[in-house]
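Participant: My structure is in upload.txt, and what it holds is compact mmCIF, N, CA and C atoms:
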# COMPACT_ATOMS: atom_id res chain seq x y z
N MET A 17 -5.17 -12.62 9.58
CA MET A 17 -5.47 -11.22 9.81
C MET A 17 -5.07 -10.86 11.24
N ASN A 18 -4.48 -9.72 11.40
CA ASN A 18 -4.05 -9.24 12.71
C ASN A 18 -5.28 -8.89 13.56
N LYS A 19 -5.44 -9.59 14.67
CA LYS A 19 -6.62 -9.38 15.52
C LYS A 19 -6.65 -7.99 16.14
N LYS A 20 -5.49 -7.38 16.37
CA LYS A 20 -5.45 -6.03 16.93
C LYS A 20 -5.99 -5.01 15.92
N LEU A 21 -5.82 -5.30 14.65
CA LEU A 21 -6.27 -4.40 13.59
C LEU A 21 -7.78 -4.50 13.37
N HIS A 22 -8.33 -5.67 13.59
CA HIS A 22 -9.74 -5.94 13.29
C HIS A 22 -10.63 -5.40 14.41
N THR A 23 -11.04 -4.13 14.26
CA THR A 23 -11.90 -3.48 15.24
C THR A 23 -13.10 -2.87 14.52
N GLU A 24 -14.07 -2.47 15.28
CA GLU A 24 -15.25 -1.83 14.70
C GLU A 24 -14.87 -0.51 14.02
N ALA A 25 -13.95 0.22 14.63
CA ALA A 25 -13.51 1.50 14.04
C ALA A 25 -12.80 1.29 12.70
N VAL A 26 -11.97 0.26 12.63
CA VAL A 26 -11.29 -0.03 11.37
C VAL A 26 -12.29 -0.52 10.33
N ASP A 27 -13.25 -1.34 10.75
CA ASP A 27 -14.31 -1.77 9.83
C ASP A 27 -15.03 -0.56 9.24
N THR A 28 -15.34 0.40 10.07
CA THR A 28 -16.03 1.60 9.61
C THR A 28 -15.17 2.40 8.64
N LEU A 29 -13.88 2.52 8.96
CA LEU A 29 -12.97 3.21 8.04
C LEU A 29 -12.93 2.52 6.69
N PHE A 30 -12.79 1.19 6.69
CA PHE A 30 -12.74 0.45 5.42
C PHE A 30 -14.05 0.56 4.66
N ASP A 31 -15.18 0.57 5.38
CA ASP A 31 -16.46 0.79 4.70
C ASP A 31 -16.49 2.15 4.03
N ALA A 32 -15.95 3.15 4.71
CA ALA A 32 -15.88 4.50 4.13
C ALA A 32 -15.02 4.49 2.87
N ILE A 33 -13.88 3.83 2.92
CA ILE A 33 -12.99 3.76 1.75
C ILE A 33 -13.68 3.03 0.60
N LEU A 34 -14.36 1.94 0.92
CA LEU A 34 -15.06 1.18 -0.12
C LEU A 34 -16.22 1.96 -0.74
N SER A 35 -16.70 3.00 -0.06
CA SER A 35 -17.79 3.80 -0.62
C SER A 35 -17.31 4.81 -1.66
N LEU A 36 -16.00 5.04 -1.72
CA LEU A 36 -15.46 6.01 -2.68
C LEU A 36 -15.61 5.46 -4.10
N GLU A 37 -15.99 6.33 -5.02
CA GLU A 37 -16.28 5.87 -6.37
C GLU A 37 -15.30 6.34 -7.43
N THR A 38 -14.58 7.42 -7.17
CA THR A 38 -13.65 7.95 -8.18
C THR A 38 -12.31 8.27 -7.54
N LYS A 39 -11.32 8.42 -8.38
CA LYS A 39 -10.01 8.82 -7.90
C LYS A 39 -10.07 10.20 -7.24
N GLU A 40 -10.87 11.10 -7.79
CA GLU A 40 -11.03 12.43 -7.21
C GLU A 40 -11.62 12.35 -5.81
N GLU A 41 -12.61 11.45 -5.61
CA GLU A 41 -13.17 11.25 -4.28
C GLU A 41 -12.11 10.71 -3.32
N CYS A 42 -11.23 9.85 -3.82
CA CYS A 42 -10.13 9.33 -3.00
C CYS A 42 -9.21 10.47 -2.56
N TYR A 43 -8.85 11.33 -3.50
CA TYR A 43 -8.00 12.48 -3.15
C TYR A 43 -8.67 13.33 -2.08
N THR A 44 -9.94 13.63 -2.27
CA THR A 44 -10.67 14.47 -1.32
C THR A 44 -10.70 13.85 0.07
N PHE A 45 -11.05 12.58 0.14
CA PHE A 45 -11.16 11.89 1.43
C PHE A 45 -9.80 11.74 2.10
N PHE A 46 -8.82 11.25 1.36
CA PHE A 46 -7.52 10.99 1.97
C PHE A 46 -6.78 12.27 2.36
N GLU A 47 -6.99 13.35 1.64
CA GLU A 47 -6.38 14.62 2.04
C GLU A 47 -6.95 15.10 3.37
N ASP A 48 -8.21 14.78 3.66
CA ASP A 48 -8.80 15.12 4.95
C ASP A 48 -8.38 14.12 6.04
N LEU A 49 -8.23 12.87 5.66
CA LEU A 49 -7.96 11.81 6.62
C LEU A 49 -6.51 11.77 7.09
N ALA A 50 -5.58 11.99 6.18
CA ALA A 50 -4.16 11.78 6.49
C ALA A 50 -3.34 12.99 6.06
N THR A 51 -2.13 13.05 6.58
CA THR A 51 -1.21 14.11 6.15
C THR A 51 -0.67 13.78 4.77
N VAL A 52 -0.13 14.78 4.12
CA VAL A 52 0.48 14.58 2.82
C VAL A 52 1.60 13.53 2.94
N ASN A 53 2.42 13.64 4.00
CA ASN A 53 3.52 12.69 4.17
C ASN A 53 3.03 11.26 4.38
N GLU A 54 1.92 11.09 5.09
CA GLU A 54 1.37 9.75 5.29
C GLU A 54 0.89 9.15 3.97
N ILE A 55 0.23 9.95 3.17
CA ILE A 55 -0.25 9.47 1.87
C ILE A 55 0.93 9.14 0.96
N LEU A 56 1.94 10.01 0.96
CA LEU A 56 3.12 9.75 0.13
C LEU A 56 3.87 8.50 0.60
N SER A 57 3.92 8.26 1.90
CA SER A 57 4.57 7.06 2.43
C SER A 57 3.83 5.80 1.98
N LEU A 58 2.51 5.84 2.03
CA LEU A 58 1.72 4.68 1.57
C LEU A 58 1.93 4.44 0.08
N SER A 59 1.93 5.51 -0.69
CA SER A 59 2.11 5.35 -2.14
C SER A 59 3.52 4.85 -2.45
N GLN A 60 4.50 5.29 -1.66
CA GLN A 60 5.87 4.82 -1.85
C GLN A 60 5.96 3.31 -1.58
N ARG A 61 5.34 2.85 -0.51
CA ARG A 61 5.36 1.41 -0.20
C ARG A 61 4.72 0.61 -1.31
N PHE A 62 3.63 1.12 -1.85
CA PHE A 62 2.96 0.40 -2.94
C PHE A 62 3.84 0.37 -4.18
N GLU A 63 4.51 1.46 -4.47
CA GLU A 63 5.44 1.50 -5.61
C GLU A 63 6.59 0.52 -5.38
N VAL A 64 7.11 0.45 -4.16
CA VAL A 64 8.17 -0.50 -3.82
C VAL A 64 7.68 -1.93 -4.04
N ALA A 65 6.46 -2.23 -3.58
CA ALA A 65 5.91 -3.58 -3.76
C ALA A 65 5.80 -3.94 -5.23
N THR A 66 5.36 -2.99 -6.03
CA THR A 66 5.24 -3.22 -7.47
C THR A 66 6.60 -3.52 -8.09
N MET A 67 7.59 -2.75 -7.70
CA MET A 67 8.93 -2.94 -8.26
C MET A 67 9.56 -4.24 -7.77
N LEU A 68 9.34 -4.60 -6.50
CA LEU A 68 9.86 -5.88 -6.00
C LEU A 68 9.22 -7.04 -6.75
N ARG A 69 7.95 -6.94 -6.97
CA ARG A 69 7.24 -8.00 -7.72
C ARG A 69 7.78 -8.12 -9.14
N ASP A 70 8.24 -7.00 -9.68
CA ASP A 70 8.83 -7.00 -11.03
C ASP A 70 10.31 -7.34 -11.01
N LYS A 71 10.80 -7.82 -9.84
CA LYS A 71 12.18 -8.31 -9.67
C LYS A 71 13.24 -7.22 -9.81
N LYS A 72 12.89 -5.98 -9.47
CA LYS A 72 13.88 -4.89 -9.47
C LYS A 72 14.77 -5.05 -8.24
N THR A 73 16.00 -4.56 -8.33
CA THR A 73 16.93 -4.66 -7.21
C THR A 73 16.64 -3.58 -6.18
N TYR A 74 17.09 -3.82 -4.96
CA TYR A 74 16.93 -2.83 -3.89
C TYR A 74 17.54 -1.50 -4.32
N GLN A 75 18.70 -1.56 -4.96
CA GLN A 75 19.38 -0.34 -5.39
C GLN A 75 18.52 0.43 -6.40
N ASP A 76 17.97 -0.27 -7.38
CA ASP A 76 17.11 0.39 -8.37
C ASP A 76 15.87 0.99 -7.71
N ILE A 77 15.29 0.24 -6.77
CA ILE A 77 14.08 0.70 -6.09
C ILE A 77 14.38 1.94 -5.25
N ALA A 78 15.46 1.89 -4.49
CA ALA A 78 15.84 3.03 -3.65
C ALA A 78 16.10 4.26 -4.50
N GLN A 79 16.77 4.07 -5.62
CA GLN A 79 17.10 5.19 -6.49
C GLN A 79 15.83 5.81 -7.09
N LYS A 80 14.90 4.98 -7.54
CA LYS A 80 13.70 5.51 -8.20
C LYS A 80 12.69 6.07 -7.21
N THR A 81 12.52 5.42 -6.05
CA THR A 81 11.46 5.82 -5.13
C THR A 81 11.93 6.69 -3.97
N GLY A 82 13.22 6.63 -3.67
CA GLY A 82 13.73 7.34 -2.50
C GLY A 82 13.50 6.57 -1.21
N ALA A 83 12.97 5.35 -1.31
CA ALA A 83 12.71 4.53 -0.13
C ALA A 83 14.02 4.04 0.47
N SER A 84 14.05 3.94 1.79
CA SER A 84 15.23 3.40 2.47
C SER A 84 15.27 1.89 2.27
N THR A 85 16.45 1.31 2.47
CA THR A 85 16.54 -0.15 2.36
C THR A 85 15.71 -0.82 3.45
N ALA A 86 15.54 -0.16 4.60
CA ALA A 86 14.69 -0.71 5.66
C ALA A 86 13.23 -0.80 5.18
N THR A 87 12.76 0.25 4.52
CA THR A 87 11.39 0.23 3.99
C THR A 87 11.24 -0.83 2.91
N ILE A 88 12.20 -0.91 2.03
CA ILE A 88 12.16 -1.91 0.96
C ILE A 88 12.13 -3.31 1.57
N SER A 89 12.97 -3.54 2.56
CA SER A 89 13.02 -4.84 3.23
C SER A 89 11.69 -5.17 3.91
N ARG A 90 11.09 -4.18 4.57
CA ARG A 90 9.81 -4.38 5.24
C ARG A 90 8.72 -4.75 4.24
N VAL A 91 8.69 -4.06 3.12
CA VAL A 91 7.70 -4.37 2.09
C VAL A 91 7.97 -5.76 1.51
N ASN A 92 9.23 -6.08 1.32
CA ASN A 92 9.58 -7.40 0.79
C ASN A 92 9.11 -8.51 1.73
N ARG A 93 9.28 -8.30 3.04
CA ARG A 93 8.80 -9.28 4.02
C ARG A 93 7.28 -9.45 3.92
N SER A 94 6.58 -8.34 3.71
CA SER A 94 5.13 -8.43 3.54
C SER A 94 4.75 -9.21 2.29
N LEU A 95 5.51 -9.01 1.23
CA LEU A 95 5.24 -9.76 0.00
C LEU A 95 5.48 -11.26 0.20
N ILE A 96 6.50 -11.60 0.97
CA ILE A 96 6.85 -13.00 1.16
C ILE A 96 6.02 -13.67 2.26
N TYR A 97 5.91 -12.99 3.39
CA TYR A 97 5.30 -13.62 4.57
C TYR A 97 3.97 -13.00 4.99
N GLY A 98 3.50 -12.01 4.28
CA GLY A 98 2.30 -11.28 4.69
C GLY A 98 1.02 -12.01 4.33
N ASN A 99 -0.05 -11.26 4.28
CA ASN A 99 -1.39 -11.80 4.02
C ASN A 99 -1.79 -11.79 2.55
N ASP A 100 -0.85 -11.52 1.66
CA ASP A 100 -1.07 -11.48 0.21
C ASP A 100 -1.96 -10.32 -0.23
N GLY A 101 -2.02 -9.28 0.59
CA GLY A 101 -2.79 -8.10 0.22
C GLY A 101 -2.22 -7.39 -0.99
N TYR A 102 -0.89 -7.25 -1.01
CA TYR A 102 -0.27 -6.63 -2.19
C TYR A 102 -0.58 -7.45 -3.44
N GLU A 103 -0.40 -8.76 -3.35
CA GLU A 103 -0.65 -9.64 -4.51
C GLU A 103 -2.08 -9.52 -5.00
N LEU A 104 -3.03 -9.51 -4.06
CA LEU A 104 -4.43 -9.38 -4.42
C LEU A 104 -4.67 -8.14 -5.26
N VAL A 105 -4.19 -7.01 -4.78
CA VAL A 105 -4.41 -5.75 -5.48
C VAL A 105 -3.62 -5.67 -6.78
N LEU A 106 -2.36 -6.07 -6.74
CA LEU A 106 -1.54 -6.02 -7.95
C LEU A 106 -2.09 -6.91 -9.05
N ASN A 107 -2.59 -8.07 -8.69
CA ASN A 107 -3.21 -8.96 -9.68
C ASN A 107 -4.47 -8.35 -10.28
N ARG A 108 -5.27 -7.72 -9.45
CA ARG A 108 -6.50 -7.07 -9.94
C ARG A 108 -6.17 -5.90 -10.84
N MET A 109 -5.11 -5.17 -10.53
CA MET A 109 -4.76 -4.01 -11.34
C MET A 109 -4.20 -4.41 -12.70
N LYS A 110 -3.68 -5.61 -12.81
CA LYS A 110 -3.16 -6.10 -14.09
C LYS A 110 -4.27 -6.30 -15.12
N LYS A 111 -5.46 -6.61 -14.64
CA LYS A 111 -6.58 -6.97 -15.53
C LYS A 111 -7.15 -5.78 -16.23
Represent the supplied structure as structure tokens.
Facilitator:
Amino acid sequence: MNKKLHTEAVDTLFDAILSLETKEECYTFFEDLATVNEILSLSQRFEVATMLRDKKTYQDIAQKTGASTATISRVNRSLIYGNDGYELVLNRMKK
């Protein structure tokens, strides 16, 4: 875990996120917390991660998501060398 990320303020933010109970509550909270572009960027990265895990090509991913090859590459590095956060969530969503 990145020590710079692990702060009391981030802990509080994550506690707030974990308190959300419905998708509608997520929309309400995140629309107040972040810009539309920030939310769309996060959702794009998650979609890229899903497609990379499904062995889609960079070209297919870029065409479907509009993500740049730099973004796709960054997400791919996270999948390979990261903390397995994407894997954790993607595995749970499969169930």
Participant: Using only C-alpha atoms, which residue out of A:Asn18, A:Lys39, A:Asn53, A:Thr73 lies closest to Asn99 of chain A?
Facilitator: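 Looking at the shortest contact to Asn99 of chain A, the residue is A:Asn18.
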Participant: Restricting the calculation to only C-alpha atoms: of A:Gln75, A:Met109, A:Gly82, A:Val64, which residue gets closest to Ser94 of chain A?
Facilitator: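 Using only C-alpha atoms, the shortest distance to Ser94 of chain A belongs to A:Val64.
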Participant: Run DSSP on the backbone and tell me which residues of chain A come out as alpha helix (DSSP H); list them as JSON, numbers by chain.
Facilitator: {"A": [24, 25, 26, 27, 28, 29, 30, 31, 32, 33, 34, 39, 40, 41, 42, 43, 44, 45, 46, 47, 48, 49, 52, 53, 54, 55, 56, 57, 58, 59, 60, 61, 62, 63, 64, 65, 66, 67, 68, 69, 74, 75, 76, 77, 78, 79, 80, 81, 85, 86, 87, 88, 89, 90, 91, 92, 93, 94, 95, 96, 97, 101, 102, 103, 104, 105, 106, 107, 108, 109, 110]}
Participant: Between A:Asn92, A:Asn107, A:Thr23, A:Thr81, which residue has the minimum interatomic distance to Gln60 of chain A, considering only N, CA and C atoms?
Facilitator: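 Comparing A:Asn92, A:Asn107, A:Thr23, A:Thr81 against Gln60 of chain A, the winner is A:Thr81.
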Participant: Give me, please, the distance in Å between atom CA of Ile33 of chain A and atom CA of Gly98 of chain A, quoted to one decimal.
Facilitator: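 Between atom CA of Ile33 of chain A and atom CA of Gly98 of chain A the gap is 21.6 Å.
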Participant: In Å, with one decimal, what is the gap from atom C of Thr85 of chain A to atom N of Glu54 of chain A?
Facilitator: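 It comes out at 18.3 Å.
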Participant: For atom C of Asp48 of chain A and atom N of Glu24 of chain A, determine how far apart the two atoms are, in Å to one decimal place.
Facilitator: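 So the answer is 19.8 Å.
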Participant: Is there a way to complete segment 62-73 of chain A with all heavy atoms and then write that out as a compact mmCIF listing (two decimals), in the coordinates of the input?
Facilitator:
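For reference, rebuild.txt as written:
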# COMPACT_ATOMS: atom_id res chain seq x y z
N PHE A 62 3.63 1.12 -1.85
CA PHE A 62 2.96 0.40 -2.94
C PHE A 62 3.84 0.37 -4.18
O PHE A 62 3.93 -0.66 -4.86
CB PHE A 62 1.60 1.03 -3.24
CG PHE A 62 0.77 0.19 -4.14
CD1 PHE A 62 0.23 -1.00 -3.69
CD2 PHE A 62 0.54 0.56 -5.44
CE1 PHE A 62 -0.52 -1.81 -4.52
CE2 PHE A 62 -0.21 -0.23 -6.29
CZ PHE A 62 -0.75 -1.42 -5.83
N GLU A 63 4.51 1.46 -4.47
CA GLU A 63 5.44 1.50 -5.61
C GLU A 63 6.59 0.52 -5.38
O GLU A 63 7.00 -0.20 -6.30
CB GLU A 63 5.97 2.91 -5.82
CG GLU A 63 6.85 3.06 -7.05
CD GLU A 63 7.30 4.48 -7.31
OE1 GLU A 63 7.21 5.33 -6.40
OE2 GLU A 63 7.75 4.73 -8.44
N VAL A 64 7.11 0.45 -4.16
CA VAL A 64 8.17 -0.50 -3.82
C VAL A 64 7.68 -1.93 -4.04
O VAL A 64 8.37 -2.75 -4.63
CB VAL A 64 8.65 -0.29 -2.36
CG1 VAL A 64 9.51 -1.46 -1.89
CG2 VAL A 64 9.42 1.03 -2.24
N ALA A 65 6.46 -2.23 -3.58
CA ALA A 65 5.91 -3.58 -3.76
C ALA A 65 5.80 -3.94 -5.23
O ALA A 65 6.14 -5.05 -5.63
CB ALA A 65 4.54 -3.68 -3.09
N THR A 66 5.36 -2.99 -6.03
CA THR A 66 5.24 -3.22 -7.47
C THR A 66 6.60 -3.52 -8.09
O THR A 66 6.74 -4.45 -8.88
CB THR A 66 4.60 -1.99 -8.15
OG1 THR A 66 3.32 -1.74 -7.55
CG2 THR A 66 4.44 -2.20 -9.64
N MET A 67 7.59 -2.75 -7.70
CA MET A 67 8.93 -2.94 -8.26
C MET A 67 9.56 -4.24 -7.77
O MET A 67 10.24 -4.94 -8.54
CB MET A 67 9.82 -1.74 -7.93
CG MET A 67 9.36 -0.46 -8.61
SD MET A 67 10.39 0.96 -8.23
CE MET A 67 11.84 0.56 -9.22
N LEU A 68 9.34 -4.60 -6.50
CA LEU A 68 9.86 -5.88 -6.00
C LEU A 68 9.22 -7.04 -6.75
O LEU A 68 9.89 -8.01 -7.10
CB LEU A 68 9.59 -6.02 -4.50
CG LEU A 68 10.48 -5.21 -3.57
CD1 LEU A 68 9.91 -5.20 -2.16
CD2 LEU A 68 11.91 -5.78 -3.57
N ARG A 69 7.95 -6.94 -6.97
CA ARG A 69 7.24 -8.00 -7.72
C ARG A 69 7.78 -8.12 -9.14
O ARG A 69 7.79 -9.20 -9.71
CB ARG A 69 5.75 -7.68 -7.74
CG ARG A 69 4.91 -8.82 -8.25
CD ARG A 69 3.47 -8.48 -7.98
NE ARG A 69 2.59 -9.56 -8.32
CZ ARG A 69 1.65 -9.50 -9.26
NH1 ARG A 69 1.47 -8.39 -9.95
NH2 ARG A 69 0.87 -10.53 -9.49
N ASP A 70 8.24 -7.00 -9.68
CA ASP A 70 8.83 -7.00 -11.03
C ASP A 70 10.31 -7.34 -11.01
O ASP A 70 11.01 -7.15 -12.00
CB ASP A 70 8.62 -5.64 -11.69
CG ASP A 70 7.18 -5.37 -12.04
OD1 ASP A 70 6.38 -6.32 -12.12
OD2 ASP A 70 6.83 -4.17 -12.23
N LYS A 71 10.80 -7.82 -9.84
CA LYS A 71 12.18 -8.31 -9.67
C LYS A 71 13.24 -7.22 -9.81
O LYS A 71 14.37 -7.48 -10.21
CB LYS A 71 12.48 -9.45 -10.64
CG LYS A 71 11.50 -10.59 -10.62
CD LYS A 71 11.54 -11.33 -9.32
CE LYS A 71 10.63 -12.55 -9.36
NZ LYS A 71 10.06 -12.89 -8.09
N LYS A 72 12.89 -5.98 -9.47
CA LYS A 72 13.88 -4.89 -9.47
C LYS A 72 14.77 -5.05 -8.24
O LYS A 72 14.37 -5.61 -7.23
CB LYS A 72 13.20 -3.53 -9.43
CG LYS A 72 12.23 -3.27 -10.56
CD LYS A 72 12.92 -3.21 -11.89
CE LYS A 72 11.92 -2.87 -12.97
NZ LYS A 72 12.39 -3.15 -14.30
N THR A 73 16.00 -4.56 -8.33
CA THR A 73 16.93 -4.66 -7.21
C THR A 73 16.64 -3.58 -6.18
O THR A 73 16.04 -2.55 -6.48
CB THR A 73 18.39 -4.48 -7.69
OG1 THR A 73 18.56 -3.14 -8.16
CG2 THR A 73 18.75 -5.48 -8.78
